[in-house]
Structure formats: structure tokens, C-alpha cells
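Structure file start20.cif (mmCIF, C-alpha atoms) follows.
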data_structure
loop_
_atom_site.label_atom_id
_atom_site.label_comp_id
_atom_site.auth_asym_id
_atom_site.auth_seq_id
_atom_site.Cartn_x
_atom_site.Cartn_y
_atom_site.Cartn_z
CA MET A 1133 16.04 -14.91 -72.27
CA PHE A 1134 17.19 -11.29 -71.89
CA ALA A 1135 15.48 -9.74 -74.93
CA GLN A 1136 12.79 -7.93 -72.93
CA ALA A 1137 15.24 -7.01 -70.16
CA VAL A 1138 17.62 -5.42 -72.67
CA GLN A 1139 14.75 -3.32 -74.03
CA ILE A 1140 14.05 -2.13 -70.48
CA ALA A 1141 17.69 -1.44 -69.61
CA SER A 1142 18.41 0.33 -72.88
CA GLN A 1143 16.05 3.10 -71.78
CA PHE A 1144 18.20 4.14 -68.82
CA THR A 1145 21.64 3.11 -70.13
CA TRP A 1146 23.29 6.10 -71.78
CA PRO A 1147 26.73 6.53 -73.35
CA VAL A 1148 29.66 8.49 -71.96
CA VAL A 1149 32.04 9.70 -74.69
CA ILE A 1150 35.23 11.38 -73.44
CA SER A 1151 36.93 13.21 -76.32
CA SER A 1152 40.43 14.65 -76.24
CA ARG A 1153 42.95 16.37 -78.52
CA THR A 1154 46.70 16.17 -78.00
CA VAL A 1155 49.30 18.88 -78.47
CA LYS A 1156 50.28 17.44 -81.86
CA GLY A 1157 46.62 17.52 -82.94
CA ASP A 1158 45.48 13.89 -82.69
CA CYS A 1159 41.88 13.39 -81.55
CA HIS A 1160 40.74 10.36 -79.56
CA SER A 1161 37.71 9.19 -77.62
CA VAL A 1162 37.02 6.79 -74.76
CA ILE A 1163 33.55 5.25 -74.50
CA GLY A 1164 31.79 4.21 -71.31
CA ALA A 1165 28.25 4.03 -69.99
CA CYS A 1166 26.04 5.40 -67.23
CA VAL A 1167 22.71 4.56 -65.59
CA VAL A 1168 20.07 7.32 -65.30
CA VAL A 1169 18.33 6.82 -61.94
CA ASN A 1170 15.24 9.04 -61.91
CA ARG A 1171 13.27 11.86 -63.52
CA GLU A 1172 15.45 14.48 -61.80
CA GLY A 1173 18.39 13.42 -63.95
CA TRP A 1174 20.51 11.72 -61.29
CA VAL A 1175 22.96 9.32 -62.89
CA LEU A 1176 25.42 6.61 -61.77
CA THR A 1177 28.67 5.59 -63.40
CA THR A 1178 32.17 4.51 -62.34
CA ALA A 1179 34.56 6.66 -60.38
CA HIS A 1180 37.44 5.70 -62.67
CA LEU A 1181 35.66 7.34 -65.64
CA PHE A 1182 35.49 10.55 -63.61
CA GLY A 1183 39.15 10.06 -62.74
CA LEU A 1184 39.99 9.97 -66.44
CA MET A 1185 37.97 13.15 -67.02
CA GLN A 1186 39.81 14.90 -64.18
CA GLN A 1187 43.21 13.82 -65.49
CA GLN A 1188 42.44 15.19 -68.92
CA GLU A 1189 41.01 18.42 -67.54
CA GLU A 1190 44.15 18.90 -65.43
CA ALA A 1191 46.38 18.32 -68.46
CA ALA A 1192 44.32 20.82 -70.48
CA ARG A 1193 44.64 23.34 -67.64
CA LYS A 1194 48.44 22.97 -67.63
CA TYR A 1195 48.50 23.47 -71.39
CA ARG A 1196 46.47 26.68 -71.04
CA GLU A 1197 48.95 27.89 -68.41
CA TYR A 1198 51.80 27.18 -70.81
CA THR A 1199 50.21 29.08 -73.71
CA GLY A 1200 49.29 31.89 -71.33
CA GLY A 1201 52.92 32.12 -70.24
CA ILE A 1202 54.02 32.43 -73.85
CA ARG A 1203 51.49 35.20 -74.41
CA ASP A 1204 52.71 37.07 -71.33
CA PHE A 1205 56.32 36.97 -72.51
CA GLU A 1206 55.43 38.04 -76.03
CA GLN A 1207 53.39 40.98 -74.78
CA ALA A 1208 55.83 42.07 -72.07
CA THR A 1209 57.03 45.66 -72.48
CA THR A 1210 59.26 45.93 -69.41
CA SER A 1211 62.05 43.71 -70.74
CA ASP A 1212 64.05 43.45 -73.93
CA ALA A 1213 63.56 40.80 -76.61
CA LEU A 1214 66.66 38.80 -75.61
CA TYR A 1215 65.44 38.48 -72.03
CA ARG A 1216 62.00 37.34 -73.18
CA ARG A 1217 63.50 34.69 -75.48
CA ARG A 1218 65.63 33.33 -72.64
CA LYS A 1219 62.71 33.17 -70.24
CA LEU A 1220 60.55 31.53 -72.93
CA HIS A 1221 63.00 28.63 -73.16
CA GLN A 1222 62.63 28.09 -69.42
CA LEU A 1223 58.95 27.27 -69.75
CA HIS A 1224 58.06 23.60 -69.42
CA HIS A 1225 57.22 22.52 -72.96
CA PRO A 1226 54.28 20.09 -73.14
CA ALA A 1227 54.86 16.65 -74.63
CA PRO A 1228 53.33 16.02 -78.09
CA ASP A 1229 50.88 13.46 -76.66
CA MET A 1230 49.76 15.71 -73.80
CA VAL A 1231 46.03 16.54 -73.76
CA ARG A 1232 45.32 20.15 -74.70
CA ASP A 1233 41.51 20.01 -75.13
CA CYS A 1234 38.91 17.64 -73.71
CA SER A 1235 35.16 17.29 -73.48
CA VAL A 1236 32.52 14.79 -72.29
CA TRP A 1237 29.33 13.95 -74.19
CA TRP A 1238 26.62 12.29 -72.09
CA GLY A 1239 24.37 11.20 -74.96
CA VAL A 1240 22.57 14.55 -75.36
CA ASP A 1241 24.07 17.77 -76.75
CA GLY A 1242 24.44 20.62 -74.29
CA MET A 1243 24.00 18.50 -71.16
CA THR A 1244 26.53 18.65 -68.33
CA ILE A 1245 26.84 16.92 -64.96
CA LYS A 1246 26.60 18.65 -61.57
CA ASP A 1247 26.66 17.77 -57.86
CA VAL A 1248 29.10 14.89 -58.31
CA ARG A 1249 29.72 12.53 -55.39
CA ILE A 1250 32.36 9.80 -55.41
CA MET A 1251 32.51 6.55 -53.41
CA PRO A 1252 36.16 5.62 -54.14
CA ALA A 1253 36.29 2.18 -52.47
CA ASN A 1254 33.45 0.98 -54.69
CA ASP A 1255 34.56 2.75 -57.89
CA LEU A 1256 31.17 4.49 -57.86
CA ALA A 1257 30.16 8.01 -58.88
CA LEU A 1258 26.85 9.85 -58.67
CA GLY A 1259 25.92 13.10 -60.40
CA ARG A 1260 22.99 15.07 -61.80
CA PHE A 1261 22.40 16.00 -65.43
CA GLU A 1262 21.62 19.62 -66.25
CA PRO A 1263 19.53 20.40 -68.17
CA PHE A 1264 17.62 17.11 -68.20
CA GLU A 1265 14.45 16.14 -70.07
CA PRO A 1266 12.77 13.22 -68.24
CA GLU A 1267 10.52 12.52 -71.24
CA ARG A 1268 13.53 10.99 -73.00
CA ILE A 1269 13.22 7.90 -70.77
CA SER A 1270 10.14 5.70 -70.53
CA SER A 1271 11.36 3.55 -67.60
CA TYR A 1272 13.88 4.04 -64.83
CA PRO A 1273 15.90 1.31 -63.11
CA VAL A 1274 14.74 -0.90 -60.27
CA PHE A 1275 17.73 -1.94 -58.16
CA LYS A 1276 17.98 -5.40 -56.62
CA HIS A 1277 17.41 -5.50 -52.84
CA PRO A 1278 20.95 -6.04 -51.52
CA GLN A 1279 19.91 -8.51 -48.82
CA ALA A 1280 17.89 -10.91 -50.97
CA GLY A 1281 18.86 -13.55 -53.51
CA TYR A 1282 22.53 -12.75 -54.21
CA THR A 1283 23.43 -16.40 -54.69
CA PRO A 1284 25.96 -17.75 -57.22
CA GLY A 1285 24.54 -19.32 -60.36
CA ARG A 1286 22.06 -16.61 -61.32
CA SER A 1287 22.20 -15.64 -65.01
CA LEU A 1288 22.74 -11.92 -65.56
CA CYS A 1289 23.21 -9.62 -68.54
CA ARG A 1290 25.58 -6.69 -69.01
CA LEU A 1291 24.83 -3.74 -71.31
CA GLY A 1292 27.09 -1.08 -72.77
CA PHE A 1293 28.69 0.16 -75.99
CA SER A 1294 31.49 -2.31 -76.75
CA PHE A 1295 33.30 -2.94 -80.05
CA TYR A 1296 32.56 0.57 -81.25
CA GLU A 1297 34.89 3.45 -81.99
CA ILE A 1298 34.28 7.16 -82.45
CA LYS A 1299 36.97 9.35 -84.02
CA PRO A 1300 36.08 12.95 -83.17
CA THR A 1301 37.46 16.07 -84.81
CA TYR A 1302 38.07 19.45 -83.22
CA ASP A 1303 36.60 22.65 -84.61
CA GLU A 1304 38.88 25.59 -83.80
CA LYS A 1305 36.20 28.16 -84.58
CA SER A 1306 33.60 26.83 -82.16
CA LYS A 1307 36.17 25.37 -79.74
CA ALA A 1308 34.21 22.11 -79.68
CA PHE A 1309 34.61 18.46 -80.59
CA ILE A 1310 32.56 17.19 -83.52
CA LEU A 1311 31.42 13.55 -83.62
CA PRO A 1312 31.43 12.19 -87.17
CA PRO A 1313 28.10 11.79 -89.01
CA GLY A 1314 26.46 8.44 -88.36
CA SER A 1315 28.41 7.77 -85.17
CA VAL A 1316 25.39 8.38 -82.93
CA PRO A 1317 23.28 6.87 -81.54
CA LEU A 1318 25.82 4.36 -80.31
CA PRO A 1319 24.83 0.70 -80.79
CA PHE A 1320 24.28 -1.35 -77.65
CA PHE A 1321 26.25 -4.51 -76.95
CA ALA A 1322 24.69 -7.02 -74.55
CA MET A 1323 26.50 -10.01 -73.02
CA GLU A 1324 25.34 -12.61 -70.52
CA GLY A 1325 27.25 -14.10 -67.60
CA MET A 1326 26.70 -16.04 -64.40
CA LEU A 1327 26.98 -14.53 -60.93
CA SER A 1328 30.04 -16.39 -59.65
CA ARG A 1329 30.58 -14.91 -56.20
CA ILE A 1330 30.40 -11.84 -53.96
CA LEU A 1331 33.72 -10.06 -53.74
CA LEU A 1332 35.23 -7.75 -51.13
CA ALA A 1333 38.15 -6.09 -52.90
CA PRO A 1334 39.93 -2.75 -53.39
CA PRO A 1335 38.89 -0.53 -56.32
CA PRO A 1336 40.60 -1.15 -59.68
CA ASP A 1337 43.06 1.74 -59.35
CA ALA A 1338 44.18 0.95 -55.77
CA SER A 1339 47.94 1.49 -55.46
CA ASP A 1340 48.61 -0.38 -52.18
CA ASN A 1341 47.28 -3.14 -49.95
CA LYS A 1342 45.90 -0.65 -47.43
CA ALA A 1343 43.14 0.61 -49.72
CA GLU A 1344 39.59 0.43 -48.38
CA LEU A 1345 37.67 -2.60 -49.64
CA GLY A 1346 34.52 -2.21 -51.73
CA LYS A 1347 31.66 -4.65 -52.27
CA PHE A 1348 31.36 -6.14 -55.76
CA ILE A 1349 29.93 -9.09 -57.61
CA GLU A 1350 32.04 -11.26 -59.88
CA THR A 1351 30.64 -12.68 -63.12
CA SER A 1352 31.81 -15.60 -65.22
CA THR A 1353 32.32 -13.41 -68.30
CA PRO A 1354 34.46 -10.26 -68.51
CA GLY A 1355 33.29 -6.71 -68.79
CA LEU A 1356 34.32 -5.19 -72.10
CA GLN A 1357 35.57 -1.77 -73.06
CA GLY A 1358 32.52 0.46 -73.48
CA GLN A 1359 30.56 -1.31 -70.71
CA SER A 1360 32.12 0.42 -67.68
CA GLY A 1361 29.36 2.23 -65.82
CA GLY A 1362 26.62 0.20 -67.50
CA PRO A 1363 24.07 -2.00 -65.69
CA ILE A 1364 24.24 -5.71 -64.85
CA PHE A 1365 20.66 -6.97 -64.63
CA ASP A 1366 18.47 -10.08 -64.53
CA ALA A 1367 15.82 -11.32 -66.96
CA ASP A 1368 13.26 -8.93 -65.45
CA GLY A 1369 15.52 -5.92 -66.02
CA THR A 1370 16.25 -5.49 -62.29
CA VAL A 1371 19.73 -3.99 -61.81
CA TRP A 1372 22.01 -6.10 -59.59
CA ALA A 1373 25.21 -4.17 -60.14
CA ILE A 1374 27.05 -1.60 -62.27
CA GLN A 1375 30.00 -2.79 -64.34
CA SER A 1376 33.31 -1.63 -62.86
CA HIS A 1377 36.26 -3.53 -64.34
CA THR A 1378 37.66 -6.90 -65.40
CA ARG A 1379 39.97 -9.14 -63.39
CA HIS A 1380 42.42 -11.64 -64.87
CA LEU A 1381 42.66 -14.71 -62.66
CA PRO A 1382 45.64 -17.01 -63.27
CA LEU A 1383 44.57 -20.60 -63.96
CA GLY A 1384 47.86 -22.12 -62.90
CA PHE A 1385 48.35 -23.86 -66.25
CA LYS A 1386 51.60 -23.20 -68.14
CA PRO A 1387 51.62 -25.30 -71.32
CA ASN A 1388 54.50 -25.06 -73.77
CA VAL A 1389 53.96 -22.66 -76.66
CA PRO A 1390 53.42 -24.74 -79.83
CA GLY A 1391 56.26 -24.35 -82.33
CA LYS A 1392 58.50 -22.48 -79.87
CA PRO A 1393 61.65 -23.62 -78.04
CA LYS A 1394 61.13 -25.94 -75.11
CA GLY A 1395 60.59 -24.06 -71.87
CA GLN A 1396 58.71 -21.15 -73.44
CA VAL A 1397 55.30 -21.38 -71.78
CA GLU A 1398 51.92 -19.66 -72.01
CA HIS A 1399 50.46 -18.09 -68.88
CA GLN A 1400 46.71 -18.69 -69.00
CA PHE A 1401 44.07 -16.59 -67.28
CA LEU A 1402 40.32 -16.48 -66.78
CA ASN A 1403 38.86 -13.03 -67.46
CA VAL A 1404 35.97 -12.28 -65.09
CA GLY A 1405 33.75 -9.23 -64.81
CA VAL A 1406 33.49 -7.17 -61.63
CA GLY A 1407 30.35 -5.15 -60.92
CA ILE A 1408 29.55 -2.72 -58.09
CA HIS A 1409 27.13 -4.48 -55.72
CA ALA A 1410 23.69 -2.92 -55.17
CA GLU A 1411 24.45 -2.40 -51.48
CA PRO A 1412 26.91 0.50 -51.90
CA ILE A 1413 24.83 1.81 -54.82
CA LEU A 1414 21.76 2.16 -52.60
CA GLN A 1415 23.88 3.54 -49.75
CA LEU A 1416 25.17 6.35 -51.96
CA LEU A 1417 21.69 7.14 -53.31
CA GLU A 1418 20.25 7.27 -49.80
CA GLN A 1419 23.11 9.39 -48.45
CA ALA A 1420 22.52 11.90 -51.25
CA GLY A 1421 18.74 11.86 -50.78
CA VAL A 1422 18.19 10.69 -54.36
CA GLU A 1423 14.83 9.12 -55.15
CA HIS A 1424 15.17 5.59 -56.52
CA GLN A 1425 13.41 2.24 -56.83
CA HIS A 1426 14.49 -1.14 -55.44
CA SER A 1427 12.91 -4.57 -55.33
CA SER A 1428 11.15 -5.91 -52.24
#
Exercise: express the given structure as C-alpha cells:
Amino acid sequence: MFAQAVQIASQFTWPVVISSRTVKGDCHSVIGACVVVNREGWVLTTAHLFGLMQQQEEAARKYREYTGGIRDFEQATTSDALYRRRKLHQLHHPAPDMVRDCSVWWGVDGMTIKDVRIMPANDLALGRFEPFEPERISSYPVFKHPQAGYTPGRSLCRLGFSFYEIKPTYDEKSKAFILPPGSVPLPFFAMEGMLSRILLAPPPDASDNKAELGKFIETSTPGLQGQSGGPIFDADGTVWAIQSHTRHLPLGFKPNVPGKPKGQVEHQFLNVGVGIHAEPILQLLEQAGVEHQHSS
């Protein structure tokens, strides 16, 4: 049912690989997705992926300040060695698992993102690739008209890069992360689900009940790791939403755990996917003056 649509969507669905190295030297990566909107290189993804990037960049900045402070003390000539040692101990030592280096790979070497705009309530981010080669993409997304046909029961498909892991290494000489041979291109993972309902809810990282509500769609199957920022589309390849996060809805059933003492129960949940509705997507594109396509 979705074979042709996946071929269409795979053209404009690109990976986001956030690599990091900790103080003790461990390297990790987080994988997400993005949707390339037009030939100018404008791209959509989730705001929480950008939040992760900013957190890691801030941690790396603090680590650079720490190492710079050590250098200053070691090179100081106006104080004696005992004074420098005492002041050195007063520096805030970074934790072993603190990020010291980080980088983002957007599916093409040497490409960065500029002119970023965030719509926090909808967990939505917009940016522009630079440099960008439009010839890499044969078709760009058509977004679903937000006022037509958003009725529960429609079968949709979600695309991203789930069930895949990349273990980067860090090259001290070039000051860059190296992805292991054979790890790219990342394999796509497609999964279908039914549009269950339209949802007005706070973004996934909201810390209180006063957060502004965003407009989302809820699907009968969960979004998976590696699909955040990827498209949710119909059998024609028309994009209805962008995957944001997964909700865990309690079913209200608490059966006893087999083989365990009486009274020890299982809390059961339904995992549902949450995608950013086309309405805020088109609003952000129009506010930024970004050329795009949408259905009639």
C-alpha cells in the first residue's frame, strides 16, 4: 500500500546524526530525521532535537572554559607555583560523562544549518542547509491541506531511521568525528499506523501545566527512536505531519504478574505516536517566507 509513497518520501527524508564525546572519552550518537522542503535547502525537524544539540554545545563550551582556565593558571607568571596549584583546585572539575565535543551530521559531509527558527509549542524547527545541492533530491514534499480530510481512520505511514546504531570515533588530529565504514547511508525504517485523533497538547518537554498548547495528530502506533523529525504521510506520499514523540496512555488494566506474589501487578499502556499537524508546519513556512507545496 505504501511502497510507492515510501519511495517518494525517502527522497526528502534525511538523517540527523548527533555525535558526542564525553570527558572520559566515550563516543555516542543520537539518530533522528528531517524533511527537506524545497530546492533552497530549507528543512524541518523537531525542536527537541535542536534542544539536544544546544545542550551538548553548551556542555562543550563549559569544558573549553575549564581547559582554558587550566591553561591560564599554568602559564601565569605573576604568581608562584603554590598559588597556582591552590587556584587550580578551585576550578569546577567536569564530570566524566560530561560532553566535551559534539557535532551534527545532516546526511551530507560539510553541510551546516543556518537561519534556524523554533516553534516551541509544536516541537517544530525550521532551518536552511548551507551549502545545499538541490540535484540530490528528485522530489520535494507536498503537505496536506490542514483544513481538509483530517478524519480518524486514515491509514498513514511514518519514515525514519529506527533500529540502527552508529558508534562514531573522534580524531584528535582533525578535531572531527568519524562515522565507521559501512554505517552510511542509513537504512530507512517504515511503519504504518491509523490516524486516531487530533490532539491539542503541550510539547513533549513541557515542565508545567501552563505551557502553550500545540496542534498534533495521534496515531495508533508509536513513533520509534530514529523517526523523530521524519514525515508521516499517506499512500500518495502527501505529508500530513512530522513525527514528534510517543505518548504512553494507561489502559486501566492491572493484572497480577504471573509467578509473582499476589498483589504485584503490571501497569499496562498503549504507546501512540504524536506528529506535528500540518497547520503549524504551514504557518511556520509562511511566516518565514519559505516556498513550499501543499495539496488543494
Exercise for the section: Could you expand the PyMOL selection byres ((chain A and resi 1237-1246) around 7) into the explicit residues it covers here, written as number ranges by chain? Expected result: A: 1146-1150, 1235-1236, 1247-1248, 1259-1263
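Across A:Leu1345, A:Val1155, A:Leu1256, A:Met1133, the tightest approach to A:Gly1183 is made by A:Leu1256 when counting all atoms listed in the file.
Close to (39.4, 13.0, -76.3), meaning no more than 10 Å away when counting all atoms listed in the file, sit the residues Val1149, Ile1150, Ser1151, Ser1152, Arg1153, Thr1154, Asp1158, Cys1159, His1160, Ser1161, Val1162, Ile1163, Met1185, Gln1188, Val1231, Arg1232, Asp1233, Cys1234, Ser1235, Val1236, Ile1298, Lys1299, Pro1300, Thr1301, Tyr1302 and Phe1309 of chain A.
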Handout entry: d(atom CA of A:Pro1335, atom CA of A:His1180) in Å
Key = 9.0 Å
Exercise for the section: Mind giving me the straight-line distance from atom CA of A:Leu1258 to atom CA of A:Gln1425 in Å, one decimal? Expected result: 15.6 Å
Completion exercise
Expressed in Å, the length from atom CA of A:Leu1332 to atom CA of A:Phe1348 is 6.2 Å
Exercise for the section: Pick out the residues sitting within 8 Å of A:Glu1350, and hand them over as an MDAnalysis selection string; count all atoms listed in the file, and ignore anything fewer than 5 positions along from it in its own chain. Expected result: chainID A and resid 1327:1331 1404:1407
Exercise for the section: Might you spell out which residues the PyMOL selection byres ((chain A and resi 1354) around 7) would select in the displayed file, as number ranges by chain? Expected result: A: 1352-1353, 1355-1356, 1378, 1403-1405
Problem - Evaluate the PyMOL selection byres ((chain A and resi 1273) around 9) and report residues as a ChimeraX atom specification - result: /A:1140-1141,1143-1144,1167-1170,1271-1272,1274-1275,1369-1371,1424-1426
Handout entry: Distance criterion (only C-alpha atoms): nearest to A:Ile1349 out of A:Phe1321, A:Tyr1296, A:Tyr1282, A:Phe1264
Key =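 Smallest distance to A:Ile1349 is found for A:Tyr1282.
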Problem - Nearest candidate to A:Leu1383 (options A:Glu1267, A:Glu1398, A:Glu1172, A:Asp1337; using only C-alpha atoms) - result: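 Looking at the shortest contact to A:Leu1383, the residue is A:Glu1398.
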Could you give me, as a PDB file with C-alpha atoms, keeping the file's coordinate frame, the residues that sit within 8 Å of (28.0, 0.7, -64.7) in the file's coordinates, counting all atoms listed in the file?
ATOM      1  CA  ALA A1165      28.250   4.030 -69.990  1.00  0.00           C
ATOM      2  CA  CYS A1166      26.040   5.400 -67.230  1.00  0.00           C
ATOM      3  CA  VAL A1167      22.710   4.560 -65.590  1.00  0.00           C
ATOM      4  CA  LEU A1176      25.420   6.610 -61.770  1.00  0.00           C
ATOM      5  CA  THR A1177      28.670   5.590 -63.400  1.00  0.00           C
ATOM      6  CA  THR A1178      32.170   4.510 -62.340  1.00  0.00           C
ATOM      7  CA  GLN A1359      30.560  -1.310 -70.710  1.00  0.00           C
ATOM      8  CA  SER A1360      32.120   0.420 -67.680  1.00  0.00           C
ATOM      9  CA  GLY A1361      29.360   2.230 -65.820  1.00  0.00           C
ATOM     10  CA  GLY A1362      26.620   0.200 -67.500  1.00  0.00           C
ATOM     11  CA  PRO A1363      24.070  -2.000 -65.690  1.00  0.00           C
ATOM     12  CA  ILE A1364      24.240  -5.710 -64.850  1.00  0.00           C
ATOM     13  CA  ALA A1373      25.210  -4.170 -60.140  1.00  0.00           C
ATOM     14  CA  ILE A1374      27.050  -1.600 -62.270  1.00  0.00           C
ATOM     15  CA  GLN A1375      30.000  -2.790 -64.340  1.00  0.00           C
ATOM     16  CA  SER A1376      33.310  -1.630 -62.860  1.00  0.00           C
ATOM     17  CA  GLY A1407      30.350  -5.150 -60.920  1.00  0.00           C
ATOM     18  CA  ILE A1408      29.550  -2.720 -58.090  1.00  0.00           C
TER      19      ILE A1408
END
Problem - Which of A:Gln1396, A:Gln1415, A:Ser1339, A:Ser1142 sits closest to A:Arg1268 [using only C-alpha atoms] - result: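 Ranking A:Gln1396, A:Gln1415, A:Ser1339, A:Ser1142 by distance to A:Arg1268, first place goes to A:Ser1142.
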Please reconstruct the missing atoms of stretch 1277-1287 of chain A (target: all heavy atoms) and return them as a PDB file, in the coordinates of the input.
ATOM      1  N   HIS A1277      17.243  -5.646 -54.298  1.00  0.00           N
ATOM      2  CA  HIS A1277      17.410  -5.500 -52.840  1.00  0.00           C
ATOM      3  C   HIS A1277      18.713  -6.188 -52.449  1.00  0.00           C
ATOM      4  O   HIS A1277      18.931  -7.362 -52.754  1.00  0.00           O
ATOM      5  CB  HIS A1277      16.240  -6.124 -52.100  1.00  0.00           C
ATOM      6  CG  HIS A1277      16.163  -5.701 -50.665  1.00  0.00           C
ATOM      7  ND1 HIS A1277      17.077  -6.127 -49.727  1.00  0.00           N
ATOM      8  CD2 HIS A1277      15.297  -4.877 -50.017  1.00  0.00           C
ATOM      9  CE1 HIS A1277      16.779  -5.600 -48.554  1.00  0.00           C
ATOM     10  NE2 HIS A1277      15.713  -4.833 -48.703  1.00  0.00           N
ATOM     11  N   PRO A1278      19.616  -5.491 -51.760  1.00  0.00           N
ATOM     12  CA  PRO A1278      20.950  -6.040 -51.520  1.00  0.00           C
ATOM     13  C   PRO A1278      20.993  -7.222 -50.546  1.00  0.00           C
ATOM     14  O   PRO A1278      21.991  -7.938 -50.493  1.00  0.00           O
ATOM     15  CB  PRO A1278      21.732  -4.852 -50.944  1.00  0.00           C
ATOM     16  CG  PRO A1278      20.684  -3.954 -50.374  1.00  0.00           C
ATOM     17  CD  PRO A1278      19.480  -4.111 -51.241  1.00  0.00           C
ATOM     18  N   GLN A1279      19.909  -7.438 -49.803  1.00  0.00           N
ATOM     19  CA  GLN A1279      19.910  -8.510 -48.820  1.00  0.00           C
ATOM     20  C   GLN A1279      19.138  -9.746 -49.266  1.00  0.00           C
ATOM     21  O   GLN A1279      18.925 -10.657 -48.473  1.00  0.00           O
ATOM     22  CB  GLN A1279      19.319  -7.994 -47.489  1.00  0.00           C
ATOM     23  CG  GLN A1279      19.990  -6.755 -46.939  1.00  0.00           C
ATOM     24  CD  GLN A1279      21.468  -6.941 -46.682  1.00  0.00           C
ATOM     25  OE1 GLN A1279      21.903  -8.023 -46.290  1.00  0.00           O
ATOM     26  NE2 GLN A1279      22.260  -5.902 -46.922  1.00  0.00           N
ATOM     27  N   ALA A1280      18.738  -9.789 -50.530  1.00  0.00           N
ATOM     28  CA  ALA A1280      17.890 -10.910 -50.970  1.00  0.00           C
ATOM     29  C   ALA A1280      18.383 -11.489 -52.284  1.00  0.00           C
ATOM     30  O   ALA A1280      18.502 -10.786 -53.285  1.00  0.00           O
ATOM     31  CB  ALA A1280      16.439 -10.432 -51.130  1.00  0.00           C
ATOM     32  N   GLY A1281      18.676 -12.804 -52.276  1.00  0.00           N
ATOM     33  CA  GLY A1281      18.860 -13.550 -53.510  1.00  0.00           C
ATOM     34  C   GLY A1281      20.191 -13.423 -54.213  1.00  0.00           C
ATOM     35  O   GLY A1281      20.316 -13.872 -55.352  1.00  0.00           O
ATOM     36  N   TYR A1282      21.210 -12.846 -53.566  1.00  0.00           N
ATOM     37  CA  TYR A1282      22.530 -12.750 -54.210  1.00  0.00           C
ATOM     38  C   TYR A1282      23.274 -14.075 -54.063  1.00  0.00           C
ATOM     39  O   TYR A1282      24.240 -14.190 -53.320  1.00  0.00           O
ATOM     40  CB  TYR A1282      23.335 -11.605 -53.619  1.00  0.00           C
ATOM     41  CG  TYR A1282      23.097 -10.278 -54.300  1.00  0.00           C
ATOM     42  CD1 TYR A1282      22.063  -9.445 -53.894  1.00  0.00           C
ATOM     43  CD2 TYR A1282      23.891  -9.864 -55.355  1.00  0.00           C
ATOM     44  CE1 TYR A1282      21.847  -8.228 -54.519  1.00  0.00           C
ATOM     45  CE2 TYR A1282      23.684  -8.647 -55.988  1.00  0.00           C
ATOM     46  CZ  TYR A1282      22.651  -7.834 -55.563  1.00  0.00           C
ATOM     47  OH  TYR A1282      22.422  -6.635 -56.186  1.00  0.00           O
ATOM     48  N   THR A1283      22.810 -15.088 -54.771  1.00  0.00           N
ATOM     49  CA  THR A1283      23.430 -16.400 -54.690  1.00  0.00           C
ATOM     50  C   THR A1283      24.099 -16.746 -56.016  1.00  0.00           C
ATOM     51  O   THR A1283      23.562 -16.439 -57.083  1.00  0.00           O
ATOM     52  CB  THR A1283      22.390 -17.485 -54.347  1.00  0.00           C
ATOM     53  OG1 THR A1283      21.308 -17.398 -55.280  1.00  0.00           O
ATOM     54  CG2 THR A1283      21.852 -17.281 -52.941  1.00  0.00           C
ATOM     55  N   PRO A1284      25.273 -17.373 -55.975  1.00  0.00           N
ATOM     56  CA  PRO A1284      25.960 -17.750 -57.220  1.00  0.00           C
ATOM     57  C   PRO A1284      25.094 -18.661 -58.086  1.00  0.00           C
ATOM     58  O   PRO A1284      24.289 -19.449 -57.592  1.00  0.00           O
ATOM     59  CB  PRO A1284      27.203 -18.488 -56.711  1.00  0.00           C
ATOM     60  CG  PRO A1284      27.441 -17.932 -55.354  1.00  0.00           C
ATOM     61  CD  PRO A1284      26.063 -17.690 -54.782  1.00  0.00           C
ATOM     62  N   GLY A1285      25.275 -18.503 -59.409  1.00  0.00           N
ATOM     63  CA  GLY A1285      24.540 -19.320 -60.360  1.00  0.00           C
ATOM     64  C   GLY A1285      23.438 -18.587 -61.089  1.00  0.00           C
ATOM     65  O   GLY A1285      22.891 -19.115 -62.061  1.00  0.00           O
ATOM     66  N   ARG A1286      23.124 -17.374 -60.676  1.00  0.00           N
ATOM     67  CA  ARG A1286      22.060 -16.610 -61.320  1.00  0.00           C
ATOM     68  C   ARG A1286      22.585 -16.031 -62.643  1.00  0.00           C
ATOM     69  O   ARG A1286      23.668 -15.439 -62.694  1.00  0.00           O
ATOM     70  CB  ARG A1286      21.586 -15.479 -60.414  1.00  0.00           C
ATOM     71  CG  ARG A1286      20.401 -14.678 -60.955  1.00  0.00           C
ATOM     72  CD  ARG A1286      19.172 -15.557 -61.152  1.00  0.00           C
ATOM     73  NE  ARG A1286      18.064 -14.811 -61.677  1.00  0.00           N
ATOM     74  CZ  ARG A1286      17.072 -14.299 -60.934  1.00  0.00           C
ATOM     75  NH1 ARG A1286      17.105 -14.472 -59.620  1.00  0.00           N
ATOM     76  NH2 ARG A1286      16.094 -13.644 -61.479  1.00  0.00           N
ATOM     77  N   SER A1287      21.820 -16.193 -63.710  1.00  0.00           N
ATOM     78  CA  SER A1287      22.200 -15.640 -65.010  1.00  0.00           C
ATOM     79  C   SER A1287      21.893 -14.153 -65.051  1.00  0.00           C
ATOM     80  O   SER A1287      20.785 -13.726 -64.694  1.00  0.00           O
ATOM     81  CB  SER A1287      21.446 -16.359 -66.141  1.00  0.00           C
ATOM     82  OG  SER A1287      21.891 -17.686 -66.270  1.00  0.00           O
TER      83      SER A1287
END
